[in-house]
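Containing compact mmCIF, C-alpha atoms: target-v9.txt.
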# COMPACT_ATOMS: atom_id res chain seq x y z
CA MET A 1 -103.96 204.53 -17.83
CA GLY A 2 -100.28 204.13 -17.01
CA LYS A 3 -100.55 206.56 -14.08
CA ARG A 4 -103.63 204.77 -12.72
CA ARG A 5 -101.87 201.40 -12.86
CA ALA A 6 -98.80 202.84 -11.04
CA ARG A 7 -101.03 204.31 -8.30
CA SER A 8 -102.86 200.97 -8.03
CA ARG A 9 -99.56 199.09 -7.64
CA ARG A 10 -98.40 201.55 -4.95
CA LYS A 11 -101.69 201.18 -3.05
CA GLY A 12 -101.39 197.40 -3.32
CA LYS A 13 -97.92 197.48 -1.82
CA LEU A 14 -99.07 199.80 0.98
CA ARG A 15 -101.96 197.47 1.80
CA GLN A 16 -99.57 194.48 1.80
CA LEU A 17 -97.14 196.23 4.17
CA HIS A 18 -100.02 197.23 6.48
CA ALA A 19 -101.30 193.65 6.47
CA GLN A 20 -97.84 192.30 7.37
CA SER A 21 -97.50 194.73 10.26
CA MET A 22 -100.84 193.49 11.66
CA ALA A 23 -100.13 189.79 11.01
CA PRO A 24 -100.12 187.38 14.01
CA SER A 25 -96.92 185.81 15.29
CA GLU A 26 -95.72 182.38 14.18
CA THR A 27 -97.83 180.78 16.90
CA GLY A 28 -100.97 182.22 15.35
CA HIS A 29 -101.57 184.79 18.14
CA PRO A 30 -100.62 188.43 18.44
CA GLN A 31 -97.33 188.88 20.27
CA ARG A 32 -97.70 190.16 23.83
CA ARG A 33 -95.06 191.27 26.28
CA MET A 34 -95.50 190.45 29.95
CA SER A 35 -95.51 193.42 32.24
CA LEU A 36 -92.99 193.76 35.07
CA PRO A 37 -95.61 193.03 37.79
CA THR A 38 -96.58 189.83 35.96
CA VAL A 39 -92.93 188.68 35.73
CA LEU A 40 -92.37 189.49 39.41
CA GLY A 41 -95.53 187.62 40.37
CA LEU A 42 -94.42 184.50 38.47
CA ALA A 43 -90.95 184.66 40.05
CA ILE A 44 -92.43 184.96 43.55
CA GLY A 45 -94.81 182.07 42.85
CA ILE A 46 -91.98 179.81 41.67
CA ALA A 47 -89.82 180.78 44.66
CA GLY A 48 -92.71 179.98 47.00
CA LEU A 49 -93.18 176.58 45.38
CA ILE A 50 -89.47 175.77 45.79
CA VAL A 51 -89.51 176.85 49.45
CA GLY A 52 -92.62 174.73 50.03
CA LEU A 53 -91.00 171.65 48.51
CA ILE A 54 -87.85 172.17 50.60
CA THR A 55 -89.96 172.55 53.75
CA LEU A 56 -91.86 169.32 53.01
CA ARG A 57 -88.79 167.27 52.16
CA PRO A 58 -88.00 164.36 54.51
CA GLN A 59 -85.82 165.47 57.41
CA LEU A 60 -84.04 163.27 59.94
CA SER A 61 -81.71 164.16 62.78
CA ALA A 62 -79.53 162.05 65.07
CA SER A 63 -78.32 162.82 68.58
CA ALA A 64 -76.32 160.98 71.22
CA GLY A 65 -77.52 160.59 74.80
CA ASP A 66 -75.67 159.79 78.00
CA PRO A 67 -73.96 156.40 78.26
CA VAL A 68 -75.94 153.69 80.00
CA GLU A 69 -72.62 152.55 81.50
CA LYS A 70 -70.29 155.45 82.33
CA LEU A 71 -67.06 154.15 80.81
CA LEU A 72 -68.56 152.31 77.86
CA PRO A 73 -68.91 154.49 74.74
CA PHE A 74 -70.95 151.89 72.89
CA SER A 75 -73.62 151.87 75.57
CA VAL A 76 -74.61 155.39 74.50
CA PRO A 77 -78.15 155.50 73.05
CA PHE A 78 -78.62 157.35 69.78
CA GLN A 79 -81.95 158.88 68.80
CA ILE A 80 -82.98 159.13 65.15
CA THR A 81 -85.82 161.66 64.96
CA ASN A 82 -88.20 162.64 62.17
CA THR A 83 -87.94 166.43 62.23
CA GLY A 84 -89.93 166.96 59.03
CA TYR A 85 -93.64 167.52 58.38
CA LEU A 86 -94.32 164.18 56.66
CA PRO A 87 -94.00 160.56 57.84
CA VAL A 88 -90.83 158.62 57.06
CA ARG A 89 -91.46 155.08 55.80
CA SER A 90 -89.49 151.83 55.74
CA LEU A 91 -86.79 153.16 58.06
CA ARG A 92 -83.70 150.97 58.47
CA VAL A 93 -80.82 151.99 60.73
CA PHE A 94 -77.19 150.80 60.78
CA CYS A 95 -74.08 151.55 62.82
CA ASP A 96 -70.64 151.57 61.21
CA ALA A 97 -67.57 151.64 63.45
CA VAL A 98 -65.27 153.39 61.01
CA ARG A 99 -62.31 153.14 63.38
CA VAL A 100 -61.97 152.17 67.02
CA ARG A 101 -58.56 151.81 68.71
CA LEU A 102 -58.04 150.47 72.20
CA GLY A 103 -54.47 149.82 73.25
CA GLY A 104 -52.92 147.49 70.69
CA SER A 105 -56.30 146.44 69.26
CA GLN A 106 -58.11 148.15 66.44
CA VAL A 107 -61.53 147.61 64.85
CA THR A 108 -62.36 149.15 61.47
CA ARG A 109 -65.41 149.14 59.22
CA ALA A 110 -67.56 146.97 61.49
CA VAL A 111 -71.28 147.25 60.72
CA ILE A 112 -74.31 146.26 62.75
CA GLY A 113 -77.98 146.44 61.85
CA ARG A 114 -80.89 144.83 63.69
CA SER A 115 -84.42 144.02 62.58
CA ASP A 116 -85.88 145.52 65.77
CA TRP A 117 -84.37 148.87 64.76
CA ASP A 118 -86.51 148.87 61.59
CA THR A 119 -89.64 151.03 61.57
CA ASP A 120 -92.48 150.86 59.06
CA ILE A 121 -93.62 154.44 59.71
CA LEU A 122 -91.89 157.13 61.74
CA GLN A 123 -94.32 159.98 62.27
CA PRO A 124 -93.21 163.64 62.58
CA ASN A 125 -91.47 164.29 65.92
CA GLU A 126 -91.19 160.55 66.62
CA SER A 127 -87.83 158.94 67.38
CA ARG A 128 -86.17 155.53 67.15
CA THR A 129 -83.54 154.84 69.82
CA ILE A 130 -80.67 152.42 69.24
CA GLU A 131 -77.46 151.37 70.97
CA CYS A 132 -74.45 150.58 68.79
CA ARG A 133 -72.81 147.91 70.93
CA LEU A 134 -70.20 147.06 68.31
CA VAL A 135 -67.20 146.81 70.60
CA ARG A 136 -67.17 145.51 74.17
CA THR A 137 -64.57 147.16 76.34
CA SER A 138 -64.20 147.94 80.04
CA ARG A 139 -62.36 151.21 79.40
CA PRO A 140 -62.65 154.10 76.93
CA PRO A 141 -60.85 153.69 73.58
CA GLU A 142 -58.20 156.14 72.41
CA ILE A 143 -59.96 156.61 69.07
CA ALA A 144 -63.63 156.06 68.26
CA ASP A 145 -65.20 157.11 64.97
CA LEU A 146 -68.81 156.01 64.44
CA VAL A 147 -71.41 156.64 61.72
CA ILE A 148 -75.17 156.17 62.08
CA VAL A 149 -76.81 155.40 58.72
CA ALA A 150 -80.54 155.79 58.10
CA LYS A 151 -82.14 154.43 54.93
CA TYR A 152 -85.80 155.29 54.33
CA ARG A 153 -88.57 156.21 51.93
CA ALA A 154 -90.65 159.37 51.87
CA THR A 155 -94.26 159.92 50.82
CA GLY A 156 -94.47 160.44 47.07
CA ILE A 157 -90.80 159.60 46.42
CA PRO A 158 -90.34 156.09 44.93
CA ILE A 159 -86.65 155.73 45.82
CA THR A 160 -84.71 154.87 48.96
CA LEU A 161 -83.00 157.85 50.55
CA THR A 162 -79.92 157.73 52.81
CA ARG A 163 -78.73 160.01 55.61
CA MET A 164 -75.45 159.55 57.47
CA PHE A 165 -74.48 161.05 60.83
CA ARG A 166 -70.87 160.90 62.01
CA PHE A 167 -69.85 160.99 65.67
CA VAL A 168 -66.31 161.03 67.06
CA GLY A 169 -65.82 160.11 70.72
CA ARG A 170 -63.84 161.72 73.50
CA PHE A 171 -63.64 161.12 77.23
CA GLY A 172 -63.88 163.84 79.92
CA ASP A 173 -65.83 163.22 83.09
CA THR A 174 -67.83 160.80 81.01
CA TRP A 175 -67.82 159.58 77.43
CA GLN A 176 -69.11 162.07 74.85
CA TRP A 177 -69.90 161.64 71.16
CA THR A 178 -69.51 164.85 69.14
CA LYS A 179 -70.85 165.39 65.62
CA GLN A 180 -68.34 165.67 62.78
CA PRO A 181 -68.63 166.19 58.98
CA ILE A 182 -69.36 163.01 57.03
CA GLU A 183 -67.48 163.89 53.82
CA GLU A 184 -64.16 162.38 54.88
CA VAL A 185 -65.60 158.88 55.38
CA GLY A 186 -68.89 159.02 53.45
CA THR A 187 -67.83 156.95 50.44
CA GLN A 188 -66.28 154.27 52.63
CA VAL A 189 -69.41 154.02 54.80
CA LYS A 190 -71.66 153.63 51.75
CA GLU A 191 -69.48 150.71 50.62
CA ASP A 192 -69.63 149.16 54.11
CA ILE A 193 -73.44 149.32 54.25
CA GLN A 194 -73.82 147.94 50.73
CA SER A 195 -71.52 145.01 51.57
CA PHE A 196 -73.41 144.36 54.84
CA GLU A 197 -76.80 144.32 53.09
CA THR A 198 -75.45 141.99 50.40
CA ASP A 199 -74.20 139.55 53.04
CA ILE A 200 -77.54 139.65 54.88
CA HIS A 201 -79.41 139.00 51.65
CA ARG A 202 -77.22 135.96 50.93
CA LEU A 203 -77.87 134.55 54.39
CA ARG A 204 -81.60 134.77 53.80

Taking this structure as input, can you express it in the form of structure tokens?
Amino acid sequence: MGKRRARSRRKGKLRQLHAQSMAPSETGHPQRRMSLPTVLGLAIGIAGLIVGLITLRPQLSASAGDPVEKLLPFSVPFQITNTGYLPVRSLRVFCDAVRVRLGGSQVTRAVIGRSDWDTDILQPNESRTIECRLVRTSRPPEIADLVIVAKYRATGIPITLTRMFRFVGRFGDTWQWTKQPIEEVGTQVKEDIQSFETDIHRLR
């Protein structure tokens, strides 16, 4: 009897171990490992989704044309163009003369924004043209640093986005605005635009 009981206990333990090895995972399902092709397929799918979102993001560009009046840098028209695939909504455009020096006179942080520059919807490949006539002068300035600011909304994004484009002027045969990095003056320009909008709101 003692031998039978010992064998029975051993069989019971073996059954218990076998049952544990076949038990499901903590989630209640058998554990499965994804194959390499499956992992690669998921990675490619996620990368494709990210690329698609980047492609569809709102995109604006700004470019300077030829001056309407040869010697007057602030008669140059600027084009703000929707270069993305989706419409841009509630577009508002501002000009900030970061620094303009002409002889002994200097203008800094002067902002202009006009209601007729505003656009409810700017379709893909459409442009809004503006002239930043902030300073009136009959001759080219020695220093001219200008920033075009575009504030807008995009389809499906419930916040206002901001793009800034910096142009620094120089005079050759005619006046030319050349693009420059925004980082050096970006914080200052944001403060200028915020102050300008606050003042406009008060006047209303």

Point (-65.4, 152.9, 67.8), cut-off 12 Å, counting all atoms listed in the file, residues as a ChimeraX atom specification: /A:72-76,95-102,105-111,132-137,140-148,166-170,175,177

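Coordinates place atom CA of A:Arg92 at a distance of 6.7 Å from atom CA of A:Thr119.
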
Residue with the minimum atom-to-atom distance to A:Glu126, picked from A:Gly172, A:Pro87, A:Gly186, A:Pro58 with all atoms listed in the file counted, is A:Pro87

May I ask for the distance between atom CA of A:Thr83 and atom CA of A:Leu60, given in Å to one decimal place? 5.5 Å

Residues within 12 Å of stretch 158-164 of chain A, please, as an MDAnalysis selection string. Count all atoms listed in the file; anything in the same chain fewer than 6 positions from it doesn't count. chainID A and resid 57:63 80:82 88:96 146:152 179:190 193:194
